[in-house]
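Structure data (TSV, C-alpha atoms) from run.tsv:
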chain	number	residue	atom	x	y	z
A	26	MET	CA	-26.18	-0.48	3.70
A	27	VAL	CA	-26.11	3.23	2.83
A	28	LEU	CA	-22.39	2.93	2.13
A	29	LEU	CA	-22.85	-0.13	-0.07
A	30	THR	CA	-25.61	1.63	-2.03
A	31	MET	CA	-23.36	4.64	-2.57
A	32	MET	CA	-20.57	2.32	-3.73
A	33	ALA	CA	-22.91	0.64	-6.22
A	34	VAL	CA	-23.99	4.05	-7.56
A	35	LEU	CA	-20.34	5.08	-7.87
A	36	THR	CA	-19.50	1.90	-9.76
A	37	ALA	CA	-22.28	2.63	-12.24
A	38	ALA	CA	-21.00	6.20	-12.57
A	39	ILE	CA	-17.47	4.95	-13.27
A	40	VAL	CA	-18.77	2.63	-15.99
A	41	VAL	CA	-20.84	5.34	-17.66
A	42	GLN	CA	-18.35	8.20	-17.32
A	43	ARG	CA	-16.03	8.72	-20.30
A	44	ASN	CA	-13.85	11.48	-18.86
A	45	LEU	CA	-10.91	9.69	-17.27
A	46	PHE	CA	-10.17	12.47	-14.78
A	47	ALA	CA	-13.68	12.06	-13.35
A	48	VAL	CA	-13.18	8.29	-13.30
A	49	VAL	CA	-10.01	8.68	-11.21
A	50	VAL	CA	-11.79	10.99	-8.76
A	51	PHE	CA	-14.72	8.57	-8.53
A	52	GLY	CA	-12.28	5.75	-7.86
A	53	SER	CA	-10.76	7.75	-5.03
A	54	ILE	CA	-14.18	8.38	-3.49
A	55	TYR	CA	-14.94	4.66	-3.87
A	56	SER	CA	-11.79	3.82	-1.92
A	57	PHE	CA	-12.75	6.20	0.88
A	58	LEU	CA	-16.20	4.56	1.09
A	59	MET	CA	-14.50	1.16	1.16
A	60	ALA	CA	-12.29	2.37	4.01
A	61	THR	CA	-15.39	3.50	5.90
A	62	VAL	CA	-16.97	0.08	5.37
A	63	LEU	CA	-13.82	-1.55	6.77
A	64	VAL	CA	-13.93	0.73	9.82
A	65	ALA	CA	-17.55	-0.32	10.32
A	66	LEU	CA	-16.34	-3.94	10.19
A	67	ASP	CA	-13.71	-3.13	12.89
A	68	ALA	CA	-10.81	-3.79	10.51
A	69	VAL	CA	-8.99	-0.55	11.31
A	70	ASP	CA	-5.60	-1.63	9.97
A	71	VAL	CA	-7.03	-2.62	6.60
A	72	ALA	CA	-9.11	0.58	6.51
A	73	MET	CA	-5.98	2.63	7.05
A	74	THR	CA	-4.21	0.81	4.23
A	75	GLU	CA	-7.20	1.24	1.93
A	76	ALA	CA	-7.44	4.97	2.66
A	77	SER	CA	-3.73	5.63	2.17
A	78	VAL	CA	-3.00	3.31	-0.75
A	79	GLY	CA	-6.35	3.05	-2.51
A	80	ALA	CA	-7.55	6.61	-2.12
A	81	GLY	CA	-4.26	8.46	-1.78
A	82	MET	CA	-1.38	6.79	-3.54
A	83	SER	CA	-3.09	5.12	-6.47
A	84	THR	CA	-5.10	8.28	-7.20
A	85	VAL	CA	-1.88	10.30	-7.40
A	86	LEU	CA	-0.24	7.67	-9.61
A	87	LEU	CA	-3.29	7.44	-11.87
A	88	LEU	CA	-3.37	11.24	-12.22
A	89	ALA	CA	0.35	11.20	-13.08
A	90	ALA	CA	-0.34	8.51	-15.70
A	91	LEU	CA	-3.35	10.49	-16.96
A	92	TYR	CA	-1.11	13.47	-17.56
A	93	LEU	CA	0.86	11.33	-20.02
A	94	THR	CA	-2.20	10.21	-21.99
A	95	ARG	CA	-5.36	11.66	-23.43
A	96	GLY	CA	-8.15	12.48	-21.00
A	97	GLU	CA	-11.02	10.74	-22.80
A	98	GLU	CA	-11.80	7.07	-22.89
A	99	VAL	CA	-11.85	5.66	-26.43
A	100	LYS	CA	-15.23	4.36	-27.59
A	101	PRO	CA	-15.20	0.54	-27.79
A	102	LEU	CA	-14.90	-0.75	-31.34
A	103	HIS	CA	-17.36	-3.64	-30.97
A	104	ARG	CA	-20.11	-4.52	-28.53
A	105	PRO	CA	-18.58	-6.37	-25.55
A	106	LEU	CA	-21.35	-8.99	-25.34
A	107	LEU	CA	-19.14	-12.06	-24.87
A	108	PRO	CA	-17.06	-10.46	-22.05
A	109	LEU	CA	-20.32	-9.34	-20.43
A	110	LEU	CA	-21.64	-12.89	-20.57
A	111	VAL	CA	-18.41	-14.32	-19.13
A	112	ALA	CA	-18.38	-11.74	-16.33
A	113	MET	CA	-22.01	-12.47	-15.44
A	114	VAL	CA	-21.46	-16.25	-15.39
A	115	ILE	CA	-18.39	-15.88	-13.15
A	116	GLY	CA	-20.24	-13.43	-10.89
A	117	ALA	CA	-23.16	-15.85	-10.58
A	118	ALA	CA	-20.74	-18.68	-9.77
A	119	LEU	CA	-19.10	-16.57	-7.05
A	120	VAL	CA	-22.48	-15.65	-5.54
A	121	TYR	CA	-23.42	-19.35	-5.64
A	122	GLY	CA	-20.14	-20.11	-3.86
A	123	THR	CA	-20.93	-17.69	-1.02
A	124	PHE	CA	-23.96	-19.80	-0.11
A	125	GLY	CA	-21.54	-22.51	0.99
A	126	LEU	CA	-19.66	-20.20	3.35
A	127	PRO	CA	-20.42	-20.27	7.08
A	128	ALA	CA	-22.56	-17.40	8.37
A	129	PHE	CA	-20.80	-14.15	9.32
A	130	SER	CA	-19.31	-14.38	12.86
A	131	ASP	CA	-20.49	-17.97	13.29
A	132	PRO	CA	-18.52	-19.29	16.31
A	133	GLN	CA	-18.48	-22.83	14.85
A	134	ALA	CA	-16.91	-21.73	11.55
A	135	PRO	CA	-13.50	-23.31	10.84
A	136	ILE	CA	-11.80	-19.90	10.89
A	137	ASN	CA	-12.94	-19.37	14.49
A	138	THR	CA	-12.08	-22.83	15.81
A	139	HIS	CA	-8.61	-23.45	14.36
A	140	VAL	CA	-5.85	-20.87	15.03
A	141	VAL	CA	-7.83	-17.73	15.82
A	142	PRO	CA	-8.46	-18.60	19.51
A	143	ARG	CA	-4.72	-19.08	19.98
A	144	TYR	CA	-3.94	-15.77	18.25
A	145	LEU	CA	-6.53	-13.87	20.26
A	146	GLY	CA	-5.77	-15.53	23.58
A	147	GLU	CA	-2.03	-16.09	23.56
A	148	SER	CA	-0.54	-13.42	21.29
A	149	LEU	CA	-0.11	-10.84	24.07
A	150	LYS	CA	1.57	-13.42	26.29
A	151	GLU	CA	3.75	-14.82	23.52
A	152	THR	CA	4.78	-11.66	21.67
A	153	GLY	CA	4.10	-8.82	24.11
A	154	VAL	CA	2.32	-6.88	21.36
A	155	PRO	CA	-1.25	-5.79	22.18
A	156	ASN	CA	-2.29	-5.29	18.55
A	157	VAL	CA	-3.18	-8.78	17.35
A	158	VAL	CA	-2.96	-7.74	13.69
A	159	THR	CA	0.65	-6.68	14.12
A	160	ALA	CA	1.46	-9.82	16.09
A	161	VAL	CA	0.00	-12.09	13.38
A	162	LEU	CA	1.53	-10.14	10.50
A	163	ALA	CA	5.03	-9.74	11.80
A	164	SER	CA	5.48	-12.76	14.04
A	165	TYR	CA	3.15	-15.71	13.41
A	166	ARG	CA	3.03	-15.02	9.68
A	167	GLY	CA	6.50	-13.54	9.36
A	168	TYR	CA	7.25	-15.58	6.25
A	169	ASP	CA	4.14	-14.27	4.50
A	170	THR	CA	5.05	-10.69	5.30
A	171	LEU	CA	8.59	-11.28	4.06
A	172	GLY	CA	7.06	-12.55	0.83
A	173	GLU	CA	4.82	-9.50	0.60
A	174	THR	CA	7.75	-7.17	1.13
A	175	ILE	CA	9.59	-8.95	-1.66
A	176	VAL	CA	6.52	-8.55	-3.87
A	177	VAL	CA	6.56	-4.80	-3.24
A	178	PHE	CA	10.29	-4.75	-3.94
A	179	THR	CA	9.79	-6.67	-7.17
A	180	ALA	CA	7.05	-4.27	-8.26
A	181	GLY	CA	9.36	-1.33	-7.69
A	182	ALA	CA	12.23	-3.04	-9.50
A	183	GLY	CA	9.89	-3.86	-12.40
A	184	VAL	CA	8.72	-0.27	-12.75
A	185	ILE	CA	12.30	0.96	-12.63
A	186	ALA	CA	13.37	-1.54	-15.28
A	187	LEU	CA	10.43	-0.74	-17.61
A	188	LEU	CA	10.45	3.04	-17.45
A	189	ARG	CA	14.24	3.36	-17.49
A	190	ARG	CA	14.54	1.46	-20.74
A	191	ILE	CA	12.02	3.73	-22.47
A	192	ARG	CA	13.94	6.81	-21.42
A	193	ARG	CA	17.19	5.38	-22.78
A	194	ARG	CA	15.56	4.60	-26.15
A	195	GLU	CA	14.38	8.19	-26.41
A	196	ASP	CA	17.93	9.31	-25.79
A	197	THR	CA	19.32	7.24	-28.65
A	198	ARG	CA	16.60	8.51	-30.99
A	199	ARG	CA	17.62	12.10	-30.47
B	4	MET	CA	1.02	25.22	-8.85
B	5	ARG	CA	4.49	26.21	-7.73
B	6	ARG	CA	3.61	29.89	-7.35
B	7	ASP	CA	0.46	29.43	-5.31
B	8	LEU	CA	1.19	31.07	-1.97
B	9	VAL	CA	-1.67	29.45	-0.03
B	10	LEU	CA	-0.72	25.95	-1.15
B	11	ARG	CA	2.93	26.51	-0.33
B	12	VAL	CA	2.20	27.76	3.18
B	13	VAL	CA	-0.32	25.01	3.89
B	14	ALA	CA	2.10	22.39	2.60
B	15	LYS	CA	4.91	23.72	4.76
B	16	LEU	CA	2.62	23.58	7.78
B	17	LEU	CA	1.21	20.13	7.04
B	18	ILE	CA	4.21	18.12	5.88
B	19	PRO	CA	5.97	18.00	9.30
B	20	PHE	CA	2.76	16.72	10.86
B	21	VAL	CA	2.33	14.13	8.14
B	22	LEU	CA	5.86	12.85	8.76
B	23	LEU	CA	5.26	12.87	12.51
B	24	PHE	CA	2.04	10.92	11.99
B	25	ALA	CA	3.98	8.41	9.90
B	26	LEU	CA	6.44	7.92	12.75
B	27	TYR	CA	3.53	7.55	15.18
B	28	VAL	CA	1.89	4.93	12.97
B	29	GLN	CA	5.23	3.14	12.66
B	30	PHE	CA	6.16	2.99	16.34
B	31	HIS	CA	2.68	2.85	17.80
B	32	GLY	CA	1.64	0.06	15.42
B	33	ASP	CA	2.20	-2.46	18.20
B	34	PHE	CA	-0.54	-0.87	20.28
B	35	GLY	CA	-2.95	0.77	17.86
B	36	PRO	CA	-3.78	0.33	14.20
B	37	GLY	CA	-0.95	0.69	11.76
B	38	GLY	CA	2.49	-0.68	11.17
B	39	GLY	CA	5.30	-0.64	8.69
B	40	PHE	CA	3.25	-0.73	5.50
B	41	GLN	CA	0.96	2.16	6.44
B	42	ALA	CA	3.82	4.23	7.85
B	43	GLY	CA	5.82	3.72	4.66
B	44	VAL	CA	2.91	4.82	2.51
B	45	ILE	CA	2.32	7.93	4.66
B	46	THR	CA	6.00	8.90	4.48
B	47	ALA	CA	5.97	8.51	0.72
B	48	ALA	CA	2.73	10.52	0.57
B	49	ALA	CA	4.42	13.39	2.42
B	50	VAL	CA	7.29	13.44	-0.08
B	51	ILE	CA	4.87	13.21	-3.03
B	52	PHE	CA	2.82	16.08	-1.57
B	53	PHE	CA	6.03	18.09	-1.36
B	54	ALA	CA	6.88	17.18	-4.96
B	55	ILE	CA	3.44	18.21	-6.22
B	56	ILE	CA	3.54	21.62	-4.53
B	57	PHE	CA	7.21	22.54	-4.83
B	58	GLY	CA	8.11	20.67	-8.00
B	59	LEU	CA	9.96	17.45	-8.68
B	60	PRO	CA	13.50	18.91	-8.59
B	61	ALA	CA	12.96	20.20	-5.04
B	62	ALA	CA	11.76	16.77	-3.93
B	63	ARG	CA	14.74	15.16	-5.67
B	64	ARG	CA	17.04	17.42	-3.65
B	65	PHE	CA	15.31	16.29	-0.46
B	66	ALA	CA	15.22	12.58	-1.36
B	67	PRO	CA	17.65	11.95	-4.22
B	68	ASP	CA	17.17	9.06	-6.64
B	69	TRP	CA	20.09	6.99	-5.41
B	70	PHE	CA	18.76	7.28	-1.86
B	71	VAL	CA	15.23	6.22	-2.82
B	72	GLU	CA	16.54	3.34	-4.91
B	73	SER	CA	18.71	2.05	-2.10
B	74	MET	CA	15.71	2.30	0.24
B	75	VAL	CA	13.85	-0.10	-2.06
B	76	ALA	CA	16.48	-2.78	-1.51
B	77	ALA	CA	17.53	-1.85	2.03
B	78	GLY	CA	14.12	-2.64	3.54
B	79	VAL	CA	14.14	-6.19	2.18
B	80	LEU	CA	17.70	-6.56	3.45
B	81	VAL	CA	16.70	-5.40	6.95
B	82	TYR	CA	13.82	-7.87	6.97
B	83	GLY	CA	15.98	-10.69	5.68
B	84	SER	CA	18.79	-9.98	8.11
B	85	VAL	CA	16.39	-10.24	11.05
B	86	GLY	CA	15.86	-13.81	9.87
B	87	VAL	CA	19.60	-14.38	9.48
B	88	ALA	CA	20.19	-12.95	12.96
B	89	GLY	CA	17.75	-15.57	14.26
B	90	LEU	CA	19.74	-18.25	12.44
B	91	LEU	CA	23.07	-17.04	13.86
B	92	LEU	CA	21.71	-16.98	17.39
B	93	GLY	CA	20.65	-20.61	17.10
B	94	GLY	CA	17.00	-20.46	16.05
B	95	ASN	CA	15.19	-21.08	12.78
B	96	TYR	CA	14.94	-18.46	10.04
B	97	LEU	CA	12.73	-15.58	11.29
B	98	ASP	CA	12.64	-17.01	14.82
B	99	TYR	CA	12.40	-14.00	17.11
B	100	PHE	CA	12.56	-15.89	20.41
B	101	VAL	CA	16.35	-16.03	20.32
B	102	LEU	CA	16.93	-12.30	19.67
B	103	ALA	CA	16.93	-11.43	23.39
B	104	HIS	CA	17.31	-13.27	26.69
B	105	ASP	CA	13.59	-13.06	27.32
B	106	THR	CA	11.50	-14.68	24.59
B	107	VAL	CA	8.77	-12.01	24.73
B	108	HIS	CA	11.42	-9.32	24.54
B	109	GLY	CA	12.96	-11.08	21.54
B	110	GLN	CA	9.57	-11.12	19.84
B	111	GLU	CA	9.15	-7.40	20.36
B	112	ARG	CA	12.61	-6.70	19.00
B	113	GLY	CA	12.05	-8.91	15.96
B	114	ILE	CA	8.68	-7.35	15.17
B	115	PHE	CA	10.17	-3.86	15.51
B	116	TRP	CA	12.94	-4.48	12.98
B	117	VAL	CA	10.69	-6.35	10.61
B	118	GLU	CA	8.27	-3.40	10.58
B	119	VAL	CA	11.18	-1.02	9.97
B	120	GLY	CA	12.20	-3.09	6.96
B	121	VAL	CA	8.67	-3.12	5.55
B	122	ALA	CA	8.34	0.66	6.01
B	123	ILE	CA	11.65	1.40	4.26
B	124	THR	CA	10.87	-0.77	1.24
B	125	VAL	CA	7.28	0.41	0.86
B	126	SER	CA	8.06	4.11	1.06
B	127	GLY	CA	11.04	3.69	-1.27
B	128	VAL	CA	8.96	1.87	-3.89
B	129	MET	CA	6.10	4.38	-3.67
B	130	MET	CA	8.41	7.37	-4.05
B	131	LYS	CA	10.34	5.71	-6.86
B	132	ILE	CA	7.20	4.88	-8.84
B	133	PHE	CA	5.99	8.47	-8.43
B	134	TYR	CA	9.36	9.87	-9.53
B	135	MET	CA	9.30	7.57	-12.54
B	136	PHE	CA	5.80	8.66	-13.61
B	137	ALA	CA	6.23	12.34	-12.84
B	138	GLY	CA	9.66	12.53	-14.46
B	139	ARG	CA	8.37	11.50	-17.88
B	140	ARG	CA	7.16	14.04	-20.32
B	141	ARG	CA	4.11	13.63	-22.52
B	142	ASP	CA	5.01	11.67	-25.64
B	143	PRO	CA	4.79	14.15	-28.55
B	144	ASP	CA	3.48	11.45	-30.94
B	145	GLU	CA	0.48	10.68	-28.76
B	146	ALA	CA	-0.71	14.02	-27.51
Starting from the coordinates I provided, produce the structure as structure tokens.
Amino acid sequence: MVLLTMMAVLTAAIVVQRNLFAVVVFGSIYSFLMATVLVALDAVDVAMTEASVGAGMSTVLLLAALYLTRGEEVKPLHRPLLPLLVAMVIGAALVYGTFGLPAFSDPQAPINTHVVPRYLGESLKETGVPNVVTAVLASYRGYDTLGETIVVFTAGAGVIALLRRIRRREDTRR
Amino acid sequence: MRRDLVLRVVAKLLIPFVLLFALYVQFHGDFGPGGGFQAGVITAAAVIFFAIIFGLPAARRFAPDWFVESMVAAGVLVYGSVGVAGLLLGGNYLDYFVLAHDTVHGQERGIFWVEVGVAITVSGVMMKIFYMFAGRRRDPDEA
């Protein structure tokens, strides 16, 4: 609860703050709080990913991007009332949708009756890997992880393609 | 930042431990938290740390561009070839049971190589994106 309150305060600070450097630092702190929340929820693998990617890597990349641009956020040209309305309606719809979800850690919920008992009970016997997260990621859901790896690869290839072309154009201009 | 003695010494002390921790996360991911993705990110973070303290050219000498770029593709190839190995040994694509005589052993072997592939691709992509951003200079028209 304390963590969630701090995250809400940080979000407000990010919205109000106009200095982009401060926004990046706030974002990094937000990611660390998120990682702490995930540790509290016993999702250590996800917490590790959040701390290293969310707080570490993306902060460094955002700072590198910030170096290439101006440090101040531009004042909006018109009042963003319509986007605000759309965001609030979608947020309300999402909150309404959560009322239909089963209660947290409800043993009768579909997620706990379908494949999870097999994963938790049989994965050590079937894969010999004590960490269930690793067993599910790499073995039971091997296709998904292959897809994710290809997504990461595609992202890297996309960045290479985009930034390379810009550099070449600068060369021809000179 | 390149002339700051404290930062240089601390970086030299820390980076070996960061890399060691990445290896631990990679190979201990079967037992504790972690795995290929996290290990790849930590490896890339060590190289980026090095680049921030000692400058981009020094990092490029340590991990040259061609090497990083081939890492991006090599990881996916390692992952994919685990699947092809399963096919060749008479299973379905990404079937690990056939990779060793014992099915559980085959699973462990398959998971190990798959995680290696993920780690290689992830760290390659992270390093490459950082190189790309850090290698650009501020556009004179905008600043």
Spatial neighbours of Gly109 of chain B, 8 Å, only C-alpha atoms, chain gap at least 5 places, as number ranges by chain: B: 99-104
Selection from above, C-alpha atoms, as a PDB file, keeping the file's coordinate frame, can you write it?
ATOM      1  CA  TYR B  99      12.400 -14.000  17.110  1.00  0.00           C
ATOM      2  CA  PHE B 100      12.560 -15.890  20.410  1.00  0.00           C
ATOM      3  CA  VAL B 101      16.350 -16.030  20.320  1.00  0.00           C
ATOM      4  CA  LEU B 102      16.930 -12.300  19.670  1.00  0.00           C
ATOM      5  CA  ALA B 103      16.930 -11.430  23.390  1.00  0.00           C
ATOM      6  CA  HIS B 104      17.310 -13.270  26.690  1.00  0.00           C
TER       7      HIS B 104
END
Proximity to Asn156 of chain A - best of B:His108, B:Arg64, B:Arg139, B:His31, only C-alpha atoms: B:His31
Give me the chain B side of the contact with chain A, cut-off 9 Å, one line per residue showing its nearest atom pair and distance in Å at one decimal, counting only C-alpha atoms, sorted by chain and residue number, as JSON lines.
{"residue": "B:Gly32", "atom": "CA", "partner": "A:Thr159", "partner_atom": "CA", "distance": 6.9}
{"residue": "B:Asp33", "atom": "CA", "partner": "A:Asn156", "partner_atom": "CA", "distance": 5.3}
{"residue": "B:Phe34", "atom": "CA", "partner": "A:Asn156", "partner_atom": "CA", "distance": 5.1}
{"residue": "B:Gly35", "atom": "CA", "partner": "A:Asn156", "partner_atom": "CA", "distance": 6.1}
{"residue": "B:Pro36", "atom": "CA", "partner": "A:Asp70", "partner_atom": "CA", "distance": 5.0}
{"residue": "B:Gly37", "atom": "CA", "partner": "A:Asp70", "partner_atom": "CA", "distance": 5.5}
{"residue": "B:Gly38", "atom": "CA", "partner": "A:Thr159", "partner_atom": "CA", "distance": 6.9}
{"residue": "B:Phe40", "atom": "CA", "partner": "A:Thr74", "partner_atom": "CA", "distance": 7.7}
{"residue": "B:Gln41", "atom": "CA", "partner": "A:Thr74", "partner_atom": "CA", "distance": 5.8}
{"residue": "B:Val44", "atom": "CA", "partner": "A:Ser77", "partner_atom": "CA", "distance": 6.7}
{"residue": "B:Ile45", "atom": "CA", "partner": "A:Ser77", "partner_atom": "CA", "distance": 6.9}
{"residue": "B:Ala47", "atom": "CA", "partner": "A:Met82", "partner_atom": "CA", "distance": 8.7}
{"residue": "B:Ala48", "atom": "CA", "partner": "A:Met82", "partner_atom": "CA", "distance": 6.9}
{"residue": "B:Ile51", "atom": "CA", "partner": "A:Val85", "partner_atom": "CA", "distance": 8.6}
{"residue": "B:Glu72", "atom": "CA", "partner": "A:Ala182", "partner_atom": "CA", "distance": 9.0}
{"residue": "B:Val75", "atom": "CA", "partner": "A:Phe178", "partner_atom": "CA", "distance": 6.2}
{"residue": "B:Ala76", "atom": "CA", "partner": "A:Phe178", "partner_atom": "CA", "distance": 6.9}
{"residue": "B:Gly78", "atom": "CA", "partner": "A:Thr174", "partner_atom": "CA", "distance": 8.2}
{"residue": "B:Val79", "atom": "CA", "partner": "A:Thr174", "partner_atom": "CA", "distance": 6.5}
{"residue": "B:Tyr82", "atom": "CA", "partner": "A:Leu171", "partner_atom": "CA", "distance": 6.9}
{"residue": "B:Gly83", "atom": "CA", "partner": "A:Leu171", "partner_atom": "CA", "distance": 7.6}
{"residue": "B:Leu97", "atom": "CA", "partner": "A:Gly167", "partner_atom": "CA", "distance": 6.8}
{"residue": "B:Asp98", "atom": "CA", "partner": "A:Ser164", "partner_atom": "CA", "distance": 8.4}
{"residue": "B:Tyr99", "atom": "CA", "partner": "A:Ser164", "partner_atom": "CA", "distance": 7.7}
{"residue": "B:Phe100", "atom": "CA", "partner": "A:Thr152", "partner_atom": "CA", "distance": 8.9}
{"residue": "B:Thr106", "atom": "CA", "partner": "A:Glu151", "partner_atom": "CA", "distance": 7.8}
{"residue": "B:Val107", "atom": "CA", "partner": "A:Thr152", "partner_atom": "CA", "distance": 5.0}
{"residue": "B:His108", "atom": "CA", "partner": "A:Gly153", "partner_atom": "CA", "distance": 7.3}
{"residue": "B:Gly109", "atom": "CA", "partner": "A:Thr152", "partner_atom": "CA", "distance": 8.2}
{"residue": "B:Gln110", "atom": "CA", "partner": "A:Thr152", "partner_atom": "CA", "distance": 5.2}
{"residue": "B:Glu111", "atom": "CA", "partner": "A:Thr152", "partner_atom": "CA", "distance": 6.2}
{"residue": "B:Gly113", "atom": "CA", "partner": "A:Ser164", "partner_atom": "CA", "distance": 7.9}
{"residue": "B:Ile114", "atom": "CA", "partner": "A:Ala163", "partner_atom": "CA", "distance": 5.5}
{"residue": "B:Phe115", "atom": "CA", "partner": "A:Ala163", "partner_atom": "CA", "distance": 8.6}
{"residue": "B:Val117", "atom": "CA", "partner": "A:Ala163", "partner_atom": "CA", "distance": 6.7}
{"residue": "B:Glu118", "atom": "CA", "partner": "A:Ala163", "partner_atom": "CA", "distance": 7.2}
{"residue": "B:Gly120", "atom": "CA", "partner": "A:Thr174", "partner_atom": "CA", "distance": 8.4}
{"residue": "B:Val121", "atom": "CA", "partner": "A:Thr174", "partner_atom": "CA", "distance": 6.1}
{"residue": "B:Thr124", "atom": "CA", "partner": "A:Phe178", "partner_atom": "CA", "distance": 6.6}
{"residue": "B:Val125", "atom": "CA", "partner": "A:Val177", "partner_atom": "CA", "distance": 6.7}
{"residue": "B:Gly127", "atom": "CA", "partner": "A:Gly181", "partner_atom": "CA", "distance": 8.3}
{"residue": "B:Val128", "atom": "CA", "partner": "A:Gly181", "partner_atom": "CA", "distance": 5.0}
{"residue": "B:Met129", "atom": "CA", "partner": "A:Gly181", "partner_atom": "CA", "distance": 7.7}
{"residue": "B:Lys131", "atom": "CA", "partner": "A:Gly181", "partner_atom": "CA", "distance": 7.2}
{"residue": "B:Ile132", "atom": "CA", "partner": "A:Val184", "partner_atom": "CA", "distance": 6.6}
{"residue": "B:Phe133", "atom": "CA", "partner": "A:Leu86", "partner_atom": "CA", "distance": 6.4}
{"residue": "B:Met135", "atom": "CA", "partner": "A:Leu188", "partner_atom": "CA", "distance": 6.8}
{"residue": "B:Phe136", "atom": "CA", "partner": "A:Ala89", "partner_atom": "CA", "distance": 6.0}
{"residue": "B:Ala137", "atom": "CA", "partner": "A:Ala89", "partner_atom": "CA", "distance": 6.0}
{"residue": "B:Arg139", "atom": "CA", "partner": "A:Leu93", "partner_atom": "CA", "distance": 7.8}
{"residue": "B:Arg140", "atom": "CA", "partner": "A:Leu93", "partner_atom": "CA", "distance": 6.9}
{"residue": "B:Arg141", "atom": "CA", "partner": "A:Leu93", "partner_atom": "CA", "distance": 4.7}
{"residue": "B:Asp142", "atom": "CA", "partner": "A:Leu93", "partner_atom": "CA", "distance": 7.0}
{"residue": "B:Glu145", "atom": "CA", "partner": "A:Thr94", "partner_atom": "CA", "distance": 7.3}
{"residue": "B:Ala146", "atom": "CA", "partner": "A:Arg95", "partner_atom": "CA", "distance": 6.6}
Go ahead and write the selection's residues with C-alpha atoms as a CSV table (one decimal), in the coordinates of the input.
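again-v4.csv, written as the output of this step:
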chain,number,residue,atom,x,y,z
B,32,GLY,CA,1.6,0.1,15.4
B,33,ASP,CA,2.2,-2.5,18.2
B,34,PHE,CA,-0.5,-0.9,20.3
B,35,GLY,CA,-3.0,0.8,17.9
B,36,PRO,CA,-3.8,0.3,14.2
B,37,GLY,CA,-1.0,0.7,11.8
B,38,GLY,CA,2.5,-0.7,11.2
B,40,PHE,CA,3.2,-0.7,5.5
B,41,GLN,CA,1.0,2.2,6.4
B,44,VAL,CA,2.9,4.8,2.5
B,45,ILE,CA,2.3,7.9,4.7
B,47,ALA,CA,6.0,8.5,0.7
B,48,ALA,CA,2.7,10.5,0.6
B,51,ILE,CA,4.9,13.2,-3.0
B,72,GLU,CA,16.5,3.3,-4.9
B,75,VAL,CA,13.8,-0.1,-2.1
B,76,ALA,CA,16.5,-2.8,-1.5
B,78,GLY,CA,14.1,-2.6,3.5
B,79,VAL,CA,14.1,-6.2,2.2
B,82,TYR,CA,13.8,-7.9,7.0
B,83,GLY,CA,16.0,-10.7,5.7
B,97,LEU,CA,12.7,-15.6,11.3
B,98,ASP,CA,12.6,-17.0,14.8
B,99,TYR,CA,12.4,-14.0,17.1
B,100,PHE,CA,12.6,-15.9,20.4
B,106,THR,CA,11.5,-14.7,24.6
B,107,VAL,CA,8.8,-12.0,24.7
B,108,HIS,CA,11.4,-9.3,24.5
B,109,GLY,CA,13.0,-11.1,21.5
B,110,GLN,CA,9.6,-11.1,19.8
B,111,GLU,CA,9.2,-7.4,20.4
B,113,GLY,CA,12.0,-8.9,16.0
B,114,ILE,CA,8.7,-7.4,15.2
B,115,PHE,CA,10.2,-3.9,15.5
B,117,VAL,CA,10.7,-6.4,10.6
B,118,GLU,CA,8.3,-3.4,10.6
B,120,GLY,CA,12.2,-3.1,7.0
B,121,VAL,CA,8.7,-3.1,5.6
B,124,THR,CA,10.9,-0.8,1.2
B,125,VAL,CA,7.3,0.4,0.9
B,127,GLY,CA,11.0,3.7,-1.3
B,128,VAL,CA,9.0,1.9,-3.9
B,129,MET,CA,6.1,4.4,-3.7
B,131,LYS,CA,10.3,5.7,-6.9
B,132,ILE,CA,7.2,4.9,-8.8
B,133,PHE,CA,6.0,8.5,-8.4
B,135,MET,CA,9.3,7.6,-12.5
B,136,PHE,CA,5.8,8.7,-13.6
B,137,ALA,CA,6.2,12.3,-12.8
B,139,ARG,CA,8.4,11.5,-17.9
B,140,ARG,CA,7.2,14.0,-20.3
B,141,ARG,CA,4.1,13.6,-22.5
B,142,ASP,CA,5.0,11.7,-25.6
B,145,GLU,CA,0.5,10.7,-28.8
B,146,ALA,CA,-0.7,14.0,-27.5
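Atom pair atom CA of Met31 of chain A / atom CA of Ser56 of chain A: separated by 11.6 Å.
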Exercise: Phe57 of chain B partners within 10 Å, all atoms listed in the file, chain neighbours under 3 positions left out, as a list of chain:residue names: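 Neighbouring residues, sequence-local ones excluded: B:Met4, B:Arg5, B:Arg6, B:Asp7, B:Leu10, B:Arg11, B:Ala14, B:Lys15, B:Ile51, B:Phe52, B:Phe53, B:Ala54, B:Pro60, B:Ala61, B:Ala62.
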For atom CA of Ala60 of chain A and atom CA of Ala80 of chain A, the interatomic separation in Å (one decimal): 8.8 Å
Among the residues B:Met130, B:Ala88, B:Val71, B:Ala122, the one that comes closest to Val50 of chain B [using all atoms listed in the file]: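 Ranking B:Met130, B:Ala88, B:Val71, B:Ala122 by distance to Val50 of chain B, first place goes to B:Met130.
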Length of the atom CA of Asp169 of chain A to atom CA of Val64 of chain A vector [Å]: 24.1 Å
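With all atoms listed in the file as the atoms that count, the residue of B:Leu59, B:Val85, B:Ala66, B:Leu26 with the shortest distance to Arg112 of chain B is B:Val85.
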Pick from A:Leu45, A:Val120, A:Ala65, A:Leu58 nearest to Leu28 of chain A, counting all atoms listed in the file: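 Closest residue, counting all atoms listed in the file: A:Leu58.
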Which residue of A:Arg143, A:Glu97, A:Ser130, A:Met59 approaches Asn44 of chain A most closely, using only C-alpha atoms: A:Glu97
Shell of 12 Å around Tyr55 of chain A, all atoms listed in the file, local chain residues under 2 positions omitted, as a PyMOL selection string: chain A and resi 28-39+48-53+57-62+75-76+79-81+84
